[in-house]
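Reviewing the structure listed below.
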Amino acid sequence: MGTITVVNPGLLTTVQDLGRTGYQQFGMVVSGAMDPFSLQVGNILVGNPRGAAGLEITLSGPVLRFEKECLVALTGADLSPLLDDQPAPMWKGFSVGRGQVLSFRRPVEGIRAYLTVSGGIDVPEVMGSRSTYINGGIGGYRGRALEKGDVLTVGVNPVPREGKRLAYGLRPRYGKEVTLRAVPGPQSEAFTEEAVGTFFSEAYEVTPRSDRMGYRLKGPRLFHKEKADILSDAIAPGSVQVPAEGQPIVLLADRQTTGGYAKIATVISADLPRLAQAGPGCRVRFERIDVAEAEKRAVEQENLLRTLEIGARNN
Amino acid sequence: MKLQFHPLGDTGVRIGFGERIDPGVNREIRSFVNQLERSRIPGVVEWVPAYTSLTVYYRPWDIRYPDLLKTLKEMERIREPVSDEDVKVVELPVVYGGAYGPDLGDVARINGLTPEDVVRIHSGASYRVYMLGFAPGFPYLGGMPEEIATPRLENPRSRIPAGSVGIAEGQTGVYPLETPGGWRIIGRTPLRLYDPGREPPVLLKAGDAIRFRPVTEEEYGKLEGNGGERKPDGLDG
């Protein structure tokens with residue numbers, strides 16, 4: 001039986017969890033939430049496992065009618081959510097009654113919001129994940145973005161809980177200027193020394209040719225010593241590849257598993273959610289850090305999520 | 001050669017095995033993958049073999065880079081030889097030419113051969129899957145004879161059917177799903193290289209050997225009908 005009816009799908013609304021890992025050696029794209037931090041917090045706020053599937057909502061949000069009472073949360077970007085005609089809270093679990101309509105107005109901060117529902121969005125698992133991979137036509141709701149008239153079902157939460165709120169000071173802020181920490185390599189030696197210096201000091205702009213696969217940036221040209229092509233190798237989340245024209249591309253959730261352009265650096269995992277919230281026109285700078293420091297940031301973020309999860313369970 | 005280790009941010013380590021596409025390098029990578037499969041290092045999520053490298057992905061809250069490096073270098077020391085005897089050989093039936101391989105004539109002409117020559121040479125060689133990438137199940141194959149190497153199309157096609165067998169420069173490959181592409185298409189196989197509803201979803205694995213077997217259109221139809229396989233995009237039903 002349906003729980004949520006899509007009255008209007010919005011610009012790009014997809015079902016996402018934490019991605020389809022384990023199949024990259026077969027060329028299978030990982031997909032998953034562009035901002036996994038917000039998705040996980042959203043799940044914690046409604047008492048779900050952190051990796052439950054939610055809706056990733058992009059810039060111009062959908063209109064959703066709830067056919068049953070549900071506990072939901074909205075995290076990530078503030079897209080001016082409305083429950084019927086009243087503002088809906090962000091970063092807080094709240095109850096939606098039968099027949100109520102959730103809609104969105106204009107984006108205030110960030111570009112990707114996450115709607116999590118107690119019990120999780122129930123779509124079939126494909127290769128261990130419910131994430132939508134649109135180009136491959138698999139996962140999520142029939143392998144595609146939501147369309148008008150789609151009806152989503154919600155799983156049963158074995159231990160239903162009341163909604164939680166994220167402490168105000170822990171809410172991420174999304175600005176027009178983003179500094180991303182990055183570890184040089186694995187092919188930084190393919191670039192001139194000046195290019196590496198430029199990359200870690202100049203500002204780059206997010207262009208409109210940016211999507212779930214990757215962000216194309218525009219700024220001072222980065223020169224290769226000889227050529228941009230390498231023998232294809234693996235692309236990590238956050239890999240910054242630079243084709244011959246010298247403009248960097250940061251690879252994200254729907255990236256190909258392998259690629260043939262030299263990679264100057266990798267954006268650290270803890271900073272990818274902030275890039276995912278930056279829209280076209282935002283300015284990006286890269287700050288060089290080493291692996292030890294990058295891992296420290298990742299562990300901090302993981303520990304915060306674990307603390308929130310335990311806190312939500314215990315009171 | 002001593003292996004090169006490079007971090008990919010805080011979630012991956014790239015292990016470099018050399019600079020050239022080479023069967024020996026491929027054997028070393030396969031040996032390493034075998035060890036990874038057996039040793040199940042806590043915190044290691046998955047790995048991606050490529051032409052000259054192997055990338056290992058990990059969770060930094062379960063294992064740190066220096067410890068992972070130590071474990072991987074221990075594996076390097078062990079270096080088990082792999083033989084080519086246990087290599088899986090996958091035979092791909094292919095209809096060459098006609099509507100299935102619209103560029104067969106061009107490949108022949110460009111190389112000063114007849115279409116029959118191209119089919120004989122292409123199906124006479126043994127190929128090795130060096131890596132999978134670009135799209136789910138797309139094999140990068142080594143071993144195509146240089147006599148049939150042909151440049152890519154100047155204008156890529158917007159739609160290439162799943163199963164199409166193509167040539168690009170000195171490489172040959174098979175399209176696992178319908179995508180745009182610029183490879184010269186010389187034939188098509190009815191086998192599904194990628195089926196998300198099947199376990200495993202991808203037919204081939206890095207290290208497998210491949211042979212192409214010429215078949216008639218009639219045989220193609222029979223093979224395609226057999227098994228009642230799902231459509232490659234997984235959207236049926």
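Residue numbers start at 1 in each chain; chains themselves are named A, B, ... in the order of the structure tokens; ligands are numbered from 1 in the order shown.
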Rows by chain and residue number, chain B within 7 Å of chain A, shortest pair, only C-alpha atoms, as a Markdown table:
| residue | atom | partner | partner_atom | distance |
| --- | --- | --- | --- | --- |
| B:His6 | CA | A:Pro186 | CA | 5.5 |
| B:Pro7 | CA | A:Pro186 | CA | 6.5 |
| B:Leu8 | CA | A:Thr266 | CA | 5.8 |
| B:Gly9 | CA | A:Thr266 | CA | 4.8 |
| B:Asp10 | CA | A:Glu295 | CA | 5.3 |
| B:Gly12 | CA | A:Ala236 | CA | 6.9 |
| B:Val45 | CA | A:Gly22 | CA | 6.8 |
| B:Glu46 | CA | A:Gly22 | CA | 5.5 |
| B:Trp47 | CA | A:Gln25 | CA | 6.2 |
| B:Val48 | CA | A:Gln25 | CA | 4.5 |
| B:Pro49 | CA | A:Gln25 | CA | 6.5 |
| B:Ala50 | CA | A:Asp233 | CA | 5.2 |
| B:Tyr51 | CA | A:Leu231 | CA | 6.7 |
| B:Ser53 | CA | A:Asp233 | CA | 6.7 |
| B:Thr55 | CA | A:Ala234 | CA | 6.2 |
| B:Pro60 | CA | A:Glu295 | CA | 5.8 |
| B:Trp61 | CA | A:Val299 | CA | 5.2 |
| B:Leu132 | CA | A:Gly27 | CA | 5.1 |
| B:Gly133 | CA | A:Gly27 | CA | 4.1 |
| B:Phe134 | CA | A:Gln256 | CA | 5.8 |
| B:Ala135 | CA | A:Gly27 | CA | 5.6 |
| B:Pro136 | CA | A:Gly27 | CA | 4.2 |
| B:Gly137 | CA | A:Phe26 | CA | 5.4 |
| B:Phe138 | CA | A:Gly27 | CA | 6.7 |
| B:Pro196 | CA | A:Val126 | CA | 6.9 |
| B:Val202 | CA | A:Phe26 | CA | 6.3 |
| B:Lys205 | CA | A:Phe26 | CA | 6.7 |
| B:Asp233 | CA | A:Gly137 | CA | 5.7 |
| B:Gly234 | CA | A:Ile138 | CA | 6.5 |
| B:Leu235 | CA | A:Arg142 | CA | 6.7 |
Any chance you can output those residues with N, CA and C atoms as a PDB file, in the first residue's frame?
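Saved result, part-v3.pdb, follows:
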ATOM      1  N   HIS B   6      50.277   5.050  -3.350  1.00  0.00           N
ATOM      2  CA  HIS B   6      49.829   6.451  -3.297  1.00  0.00           C
ATOM      3  C   HIS B   6      48.463   6.524  -2.621  1.00  0.00           C
ATOM      4  N   PRO B   7      48.258   7.486  -1.726  1.00  0.00           N
ATOM      5  CA  PRO B   7      46.920   7.627  -1.139  1.00  0.00           C
ATOM      6  C   PRO B   7      45.935   8.270  -2.115  1.00  0.00           C
ATOM      7  N   LEU B   8      44.662   7.829  -2.047  1.00  0.00           N
ATOM      8  CA  LEU B   8      43.574   8.552  -2.720  1.00  0.00           C
ATOM      9  C   LEU B   8      42.721   9.145  -1.608  1.00  0.00           C
ATOM     10  N   GLY B   9      43.082  10.339  -1.182  1.00  0.00           N
ATOM     11  CA  GLY B   9      42.374  10.967  -0.073  1.00  0.00           C
ATOM     12  C   GLY B   9      42.485  10.090   1.161  1.00  0.00           C
ATOM     13  N   ASP B  10      41.364   9.913   1.873  1.00  0.00           N
ATOM     14  CA  ASP B  10      41.372   9.143   3.109  1.00  0.00           C
ATOM     15  C   ASP B  10      40.582   7.853   2.978  1.00  0.00           C
ATOM     16  N   GLY B  12      41.255   5.517   0.005  1.00  0.00           N
ATOM     17  CA  GLY B  12      41.810   4.582  -0.969  1.00  0.00           C
ATOM     18  C   GLY B  12      43.324   4.614  -1.016  1.00  0.00           C
ATOM     19  N   VAL B  45      37.125  -2.328   2.098  1.00  0.00           N
ATOM     20  CA  VAL B  45      35.768  -2.400   1.569  1.00  0.00           C
ATOM     21  C   VAL B  45      35.730  -3.148   0.237  1.00  0.00           C
ATOM     22  N   GLU B  46      36.585  -2.753  -0.687  1.00  0.00           N
ATOM     23  CA  GLU B  46      36.629  -3.378  -2.004  1.00  0.00           C
ATOM     24  C   GLU B  46      37.891  -2.931  -2.722  1.00  0.00           C
ATOM     25  N   TRP B  47      38.106  -3.446  -3.948  1.00  0.00           N
ATOM     26  CA  TRP B  47      39.300  -3.073  -4.703  1.00  0.00           C
ATOM     27  C   TRP B  47      38.981  -3.050  -6.183  1.00  0.00           C
ATOM     28  N   VAL B  48      39.768  -2.278  -6.931  1.00  0.00           N
ATOM     29  CA  VAL B  48      39.549  -2.117  -8.361  1.00  0.00           C
ATOM     30  C   VAL B  48      40.864  -2.345  -9.108  1.00  0.00           C
ATOM     31  N   PRO B  49      41.011  -3.505  -9.765  1.00  0.00           N
ATOM     32  CA  PRO B  49      42.202  -3.712 -10.584  1.00  0.00           C
ATOM     33  C   PRO B  49      42.109  -2.909 -11.879  1.00  0.00           C
ATOM     34  N   ALA B  50      43.247  -2.397 -12.351  1.00  0.00           N
ATOM     35  CA  ALA B  50      43.298  -1.673 -13.625  1.00  0.00           C
ATOM     36  C   ALA B  50      44.502  -2.191 -14.410  1.00  0.00           C
ATOM     37  N   TYR B  51      44.811  -1.532 -15.539  1.00  0.00           N
ATOM     38  CA  TYR B  51      45.895  -2.013 -16.403  1.00  0.00           C
ATOM     39  C   TYR B  51      47.206  -2.227 -15.631  1.00  0.00           C
ATOM     40  N   SER B  53      47.598  -0.968 -12.208  1.00  0.00           N
ATOM     41  CA  SER B  53      47.437  -0.601 -10.801  1.00  0.00           C
ATOM     42  C   SER B  53      46.304  -1.393 -10.165  1.00  0.00           C
ATOM     43  N   THR B  55      43.625  -0.518  -6.908  1.00  0.00           N
ATOM     44  CA  THR B  55      43.234   0.452  -5.892  1.00  0.00           C
ATOM     45  C   THR B  55      42.412  -0.254  -4.824  1.00  0.00           C
ATOM     46  N   PRO B  60      38.437   4.633   6.967  1.00  0.00           N
ATOM     47  CA  PRO B  60      39.531   5.125   7.815  1.00  0.00           C
ATOM     48  C   PRO B  60      39.250   4.979   9.310  1.00  0.00           C
ATOM     49  N   TRP B  61      37.980   4.749   9.699  1.00  0.00           N
ATOM     50  CA  TRP B  61      37.737   4.556  11.129  1.00  0.00           C
ATOM     51  C   TRP B  61      37.952   3.092  11.545  1.00  0.00           C
ATOM     52  N   LEU B 132      37.723  -3.884 -15.719  1.00  0.00           N
ATOM     53  CA  LEU B 132      36.360  -3.522 -16.084  1.00  0.00           C
ATOM     54  C   LEU B 132      36.139  -2.082 -15.633  1.00  0.00           C
ATOM     55  N   GLY B 133      35.469  -1.296 -16.457  1.00  0.00           N
ATOM     56  CA  GLY B 133      35.228   0.101 -16.095  1.00  0.00           C
ATOM     57  C   GLY B 133      34.440   0.776 -17.195  1.00  0.00           C
ATOM     58  N   PHE B 134      34.344   2.082 -17.158  1.00  0.00           N
ATOM     59  CA  PHE B 134      33.603   2.901 -18.128  1.00  0.00           C
ATOM     60  C   PHE B 134      32.105   2.732 -17.942  1.00  0.00           C
ATOM     61  N   ALA B 135      31.630   1.495 -17.925  1.00  0.00           N
ATOM     62  CA  ALA B 135      30.212   1.192 -17.660  1.00  0.00           C
ATOM     63  C   ALA B 135      30.200  -0.160 -16.965  1.00  0.00           C
ATOM     64  N   PRO B 136      29.116  -0.491 -16.256  1.00  0.00           N
ATOM     65  CA  PRO B 136      29.077  -1.779 -15.571  1.00  0.00           C
ATOM     66  C   PRO B 136      29.349  -2.929 -16.537  1.00  0.00           C
ATOM     67  N   GLY B 137      30.403  -3.691 -16.267  1.00  0.00           N
ATOM     68  CA  GLY B 137      30.689  -4.872 -17.063  1.00  0.00           C
ATOM     69  C   GLY B 137      31.465  -4.638 -18.338  1.00  0.00           C
ATOM     70  N   PHE B 138      31.890  -3.403 -18.606  1.00  0.00           N
ATOM     71  CA  PHE B 138      32.645  -3.130 -19.834  1.00  0.00           C
ATOM     72  C   PHE B 138      34.082  -3.628 -19.673  1.00  0.00           C
ATOM     73  N   PRO B 196      21.670  -6.648 -14.007  1.00  0.00           N
ATOM     74  CA  PRO B 196      21.612  -6.298 -12.586  1.00  0.00           C
ATOM     75  C   PRO B 196      20.778  -7.275 -11.766  1.00  0.00           C
ATOM     76  N   VAL B 202      27.715  -9.199 -13.347  1.00  0.00           N
ATOM     77  CA  VAL B 202      28.641  -9.021 -14.461  1.00  0.00           C
ATOM     78  C   VAL B 202      29.268 -10.361 -14.820  1.00  0.00           C
ATOM     79  N   LYS B 205      35.319 -11.100 -15.330  1.00  0.00           N
ATOM     80  CA  LYS B 205      36.106 -10.630 -14.210  1.00  0.00           C
ATOM     81  C   LYS B 205      37.500 -10.321 -14.729  1.00  0.00           C
ATOM     82  N   ASP B 233      18.966  -3.504 -18.909  1.00  0.00           N
ATOM     83  CA  ASP B 233      18.762  -2.323 -18.064  1.00  0.00           C
ATOM     84  C   ASP B 233      17.929  -2.648 -16.824  1.00  0.00           C
ATOM     85  N   GLY B 234      17.473  -3.887 -16.715  1.00  0.00           N
ATOM     86  CA  GLY B 234      16.776  -4.296 -15.499  1.00  0.00           C
ATOM     87  C   GLY B 234      15.430  -3.624 -15.306  1.00  0.00           C
ATOM     88  N   LEU B 235      14.857  -3.126 -16.378  1.00  0.00           N
ATOM     89  CA  LEU B 235      13.622  -2.360 -16.216  1.00  0.00           C
ATOM     90  C   LEU B 235      12.372  -3.167 -16.553  1.00  0.00           C
TER      91      LEU B 235
END
(message) Residues of region 9-223 of chain B classed as strand (DSSP E or B) by DSSP on the backbone are to be reported as a PyMOL selection string.
(response) chain B and resi 12-16+44-49+53-58+89-96+127-132+139-142+150+157-160+164-169+171-174+179-181+184-188+194+202+209-214
(message) Which residues are near Phe200 (chain A)? Cut-off 7 Å, only C-alpha atoms, ignore same chain within fewer than 5 positions. Put them as a ChimeraX atom specification.
(response) /A:286-288
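Near His122 (chain B), within 8 Å and counting only C-alpha atoms, sit B:Val118, B:Val119, B:Ala125, B:Met144, B:Pro145, B:Ile148, B:Phe212, not including residues fewer than 3 positions from it in the same chain.
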Deliver the residues from the most recent selection as a file, using N, CA and C atoms, as a short mmCIF file (atom, residue, chain, number, x, y, z; two decimals), in the first residue's frame.
data_model
loop_
_atom_site.label_atom_id
_atom_site.label_comp_id
_atom_site.auth_asym_id
_atom_site.auth_seq_id
_atom_site.Cartn_x
_atom_site.Cartn_y
_atom_site.Cartn_z
N VAL B 118 39.14 -9.90 -41.47
CA VAL B 118 38.95 -9.25 -40.16
C VAL B 118 38.30 -10.22 -39.18
N VAL B 119 37.27 -10.94 -39.65
CA VAL B 119 36.58 -11.89 -38.78
C VAL B 119 37.55 -13.00 -38.35
N ALA B 125 42.19 -14.73 -32.26
CA ALA B 125 43.09 -14.35 -31.17
C ALA B 125 42.49 -14.70 -29.81
N MET B 144 44.49 -7.85 -28.91
CA MET B 144 43.99 -7.79 -30.28
C MET B 144 45.15 -7.60 -31.26
N PRO B 145 45.20 -8.40 -32.34
CA PRO B 145 46.26 -8.23 -33.32
C PRO B 145 46.25 -6.83 -33.94
N ILE B 148 44.32 -5.33 -37.30
CA ILE B 148 42.94 -4.85 -37.44
C ILE B 148 42.67 -3.62 -36.57
N PHE B 212 36.35 -15.03 -29.15
CA PHE B 212 35.14 -14.72 -29.90
C PHE B 212 34.90 -15.84 -30.91
#
I need the residues in region 28-230 of chain B that are alpha helix (DSSP H) according to DSSP; give them as a short mmCIF file (atom, residue, chain, number, x, y, z; two decimals) with C-alpha atoms, in the first residue's frame.
data_model
loop_
_atom_site.label_atom_id
_atom_site.label_comp_id
_atom_site.auth_asym_id
_atom_site.auth_seq_id
_atom_site.Cartn_x
_atom_site.Cartn_y
_atom_site.Cartn_z
CA GLU B 28 51.09 -9.72 -10.53
CA ILE B 29 47.89 -7.77 -10.02
CA ARG B 30 45.81 -10.95 -10.13
CA SER B 31 48.09 -12.53 -7.57
CA PHE B 32 47.57 -9.55 -5.29
CA VAL B 33 43.80 -9.68 -5.76
CA ASN B 34 43.82 -13.37 -4.82
CA GLN B 35 45.60 -12.51 -1.59
CA LEU B 36 43.17 -9.68 -0.86
CA GLU B 37 40.20 -11.99 -1.40
CA ARG B 38 41.61 -14.54 1.01
CA SER B 39 42.91 -12.26 3.75
CA TYR B 65 46.71 4.30 6.08
CA PRO B 66 50.03 3.35 7.73
CA ASP B 67 48.60 0.08 9.07
CA LEU B 68 46.95 -0.75 5.76
CA LEU B 69 50.25 -0.03 3.99
CA LYS B 70 52.08 -2.36 6.35
CA THR B 71 49.60 -5.17 5.61
CA LEU B 72 49.79 -4.59 1.86
CA LYS B 73 53.60 -4.53 1.91
CA GLU B 74 53.55 -7.82 3.76
CA MET B 75 51.50 -9.22 0.85
CA GLU B 76 54.02 -7.80 -1.59
CA ARG B 77 56.73 -9.77 0.22
CA ILE B 78 54.78 -13.03 -0.11
CA LEU B 104 33.08 -4.36 -40.41
CA GLY B 105 33.53 -3.18 -44.01
CA ASP B 106 35.31 0.02 -42.93
CA VAL B 107 37.62 -1.83 -40.58
CA ALA B 108 38.57 -4.14 -43.47
CA ARG B 109 39.02 -1.30 -45.97
CA ILE B 110 41.12 0.88 -43.63
CA PRO B 115 35.79 -8.51 -44.11
CA GLU B 116 36.45 -12.26 -43.93
CA ASP B 117 40.09 -11.54 -42.99
CA VAL B 118 38.95 -9.25 -40.16
CA VAL B 119 36.58 -11.89 -38.78
CA ARG B 120 39.28 -14.57 -39.01
CA ILE B 121 41.88 -12.39 -37.26
CA HIS B 122 39.49 -11.04 -34.59
CA SER B 123 38.06 -14.45 -33.71
CA GLY B 124 41.41 -16.21 -34.00
CA GLU B 217 22.25 -14.92 -37.37
CA GLU B 218 20.10 -17.98 -36.83
CA GLU B 219 22.34 -19.25 -34.04
CA TYR B 220 22.36 -15.76 -32.52
CA GLY B 221 18.57 -15.79 -32.39
CA LYS B 222 18.54 -19.17 -30.67
CA LEU B 223 21.16 -18.13 -28.12
CA GLU B 224 19.32 -14.91 -27.42
CA GLY B 225 16.05 -16.77 -26.93
#
Contacts of region 87-95 of chain B at 8 Å (only C-alpha atoms; same-chain gap of 4+ positions) as an mmCIF file with C-alpha atoms, in the first residue's frame:
data_model
loop_
_atom_site.group_PDB
_atom_site.id
_atom_site.type_symbol
_atom_site.label_atom_id
_atom_site.label_comp_id
_atom_site.auth_asym_id
_atom_site.auth_seq_id
_atom_site.Cartn_x
_atom_site.Cartn_y
_atom_site.Cartn_z
ATOM 1 C CA SER B 83 49.547 -19.694 -13.157
ATOM 2 C CA TYR B 100 25.032 -6.437 -36.212
ATOM 3 C CA GLY B 101 28.418 -5.029 -37.223
ATOM 4 C CA VAL B 165 31.637 -5.751 -30.300
ATOM 5 C CA GLY B 187 29.556 -7.560 -34.591
ATOM 6 C CA ARG B 188 27.279 -8.381 -31.703
ATOM 7 C CA THR B 189 27.012 -11.100 -29.043
ATOM 8 C CA PRO B 190 23.720 -12.305 -27.554
ATOM 9 C CA LEU B 191 25.388 -12.939 -24.185
ATOM 10 C CA LEU B 204 33.419 -11.231 -16.780
ATOM 11 C CA GLY B 207 41.953 -11.845 -15.422
ATOM 12 C CA ASP B 208 39.484 -13.923 -17.463
ATOM 13 C CA ALA B 209 40.445 -15.017 -20.967
ATOM 14 C CA ILE B 210 38.059 -14.393 -23.858
ATOM 15 C CA ARG B 211 37.584 -15.916 -27.288
ATOM 16 C CA PHE B 212 35.139 -14.719 -29.900
ATOM 17 C CA ARG B 213 33.334 -17.433 -31.891
ATOM 18 C CA PRO B 214 31.682 -16.451 -35.196
ATOM 19 C CA VAL B 215 28.055 -17.588 -35.367
ATOM 20 C CA THR B 216 25.221 -17.198 -37.854
ATOM 21 C CA GLU B 217 22.252 -14.917 -37.368
ATOM 22 C CA TYR B 220 22.361 -15.757 -32.521
#
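Atom pair CA of Ile264 (chain A) / CA of Gln241 (chain A): separated by 6.3 Å.
Excluding region 109-116 of chain A itself and same-chain residues fewer than 3 positions from it, the residues having an atom within 7 Å of it are Ser38, Leu39, Gly42, Asn43, Gly54, Leu55, Glu56, Ile57, Thr58, Leu59, Val72, Ala73, Leu74, Thr75, Gly76, Ala77, Asp78, Gly120, Tyr174, Gln277, Ala278 and Gly279 of chain A, counting only C-alpha atoms.
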(request) Do a neighbour search on Gly32 (chain A) at 12 Å with only C-alpha atoms, toss out local chain neighbours closer than 3 positions, and write the hits as JSON, numbers by chain. (result) {"A": [14, 15, 16, 17, 18, 19, 20, 21, 29, 35, 36, 37, 39, 40, 51, 52, 53, 54, 55, 56, 114, 128, 129, 130, 131, 132, 133, 134, 139, 140, 212, 213, 237, 252, 253, 254, 255]}
Output C-alpha atoms of each residue in that selection to a file, as a JSON list (two decimals), in the first residue's frame.
[["chain", "number", "residue", "atom", "x", "y", "z"],
["A", 14, "THR", "CA", 15.81, 10.30, -6.34],
["A", 15, "VAL", "CA", 15.87, 7.50, -3.77],
["A", 16, "GLN", "CA", 19.38, 7.22, -2.30],
["A", 17, "ASP", "CA", 21.11, 5.35, 0.50],
["A", 18, "LEU", "CA", 24.85, 5.13, 1.17],
["A", 19, "GLY", "CA", 25.64, 3.60, -2.22],
["A", 20, "ARG", "CA", 26.29, 0.33, -4.01],
["A", 21, "THR", "CA", 29.71, -0.71, -2.77],
["A", 29, "VAL", "CA", 28.96, 2.79, -10.33],
["A", 35, "ASP", "CA", 25.72, 14.47, 1.02],
["A", 36, "PRO", "CA", 25.90, 11.27, 3.08],
["A", 37, "PHE", "CA", 26.28, 13.23, 6.32],
["A", 39, "LEU", "CA", 21.18, 11.58, 4.92],
["A", 40, "GLN", "CA", 22.63, 9.77, 7.95],
["A", 51, "GLY", "CA", 22.06, 3.75, 5.86],
["A", 52, "ALA", "CA", 18.30, 3.58, 5.26],
["A", 53, "ALA", "CA", 17.06, 4.94, 1.93],
["A", 54, "GLY", "CA", 15.67, 8.48, 1.80],
["A", 55, "LEU", "CA", 14.83, 11.00, -0.90],
["A", 56, "GLU", "CA", 17.52, 13.29, -2.29],
["A", 114, "TYR", "CA", 17.13, 14.87, 2.28],
["A", 128, "GLY", "CA", 22.80, -4.60, -1.83],
["A", 129, "SER", "CA", 21.65, -1.00, -2.26],
["A", 130, "ARG", "CA", 18.48, 1.02, -2.86],
["A", 131, "SER", "CA", 20.36, 3.92, -4.46],
["A", 132, "THR", "CA", 19.19, 5.16, -7.85],
["A", 133, "TYR", "CA", 21.78, 5.02, -10.62],
["A", 134, "ILE", "CA", 19.95, 6.89, -13.34],
["A", 139, "GLY", "CA", 18.02, 0.91, -8.13],
["A", 140, "GLY", "CA", 15.73, 3.41, -6.46],
["A", 212, "ARG", "CA", 25.79, 13.83, -9.47],
["A", 213, "MET", "CA", 28.60, 12.39, -11.56],
["A", 237, "PRO", "CA", 35.01, 9.78, -4.43],
["A", 252, "LEU", "CA", 31.27, 12.42, -7.00],
["A", 253, "ALA", "CA", 28.55, 9.85, -6.29],
["A", 254, "ASP", "CA", 27.70, 8.74, -9.86],
["A", 255, "ARG", "CA", 31.32, 8.80, -11.08]]
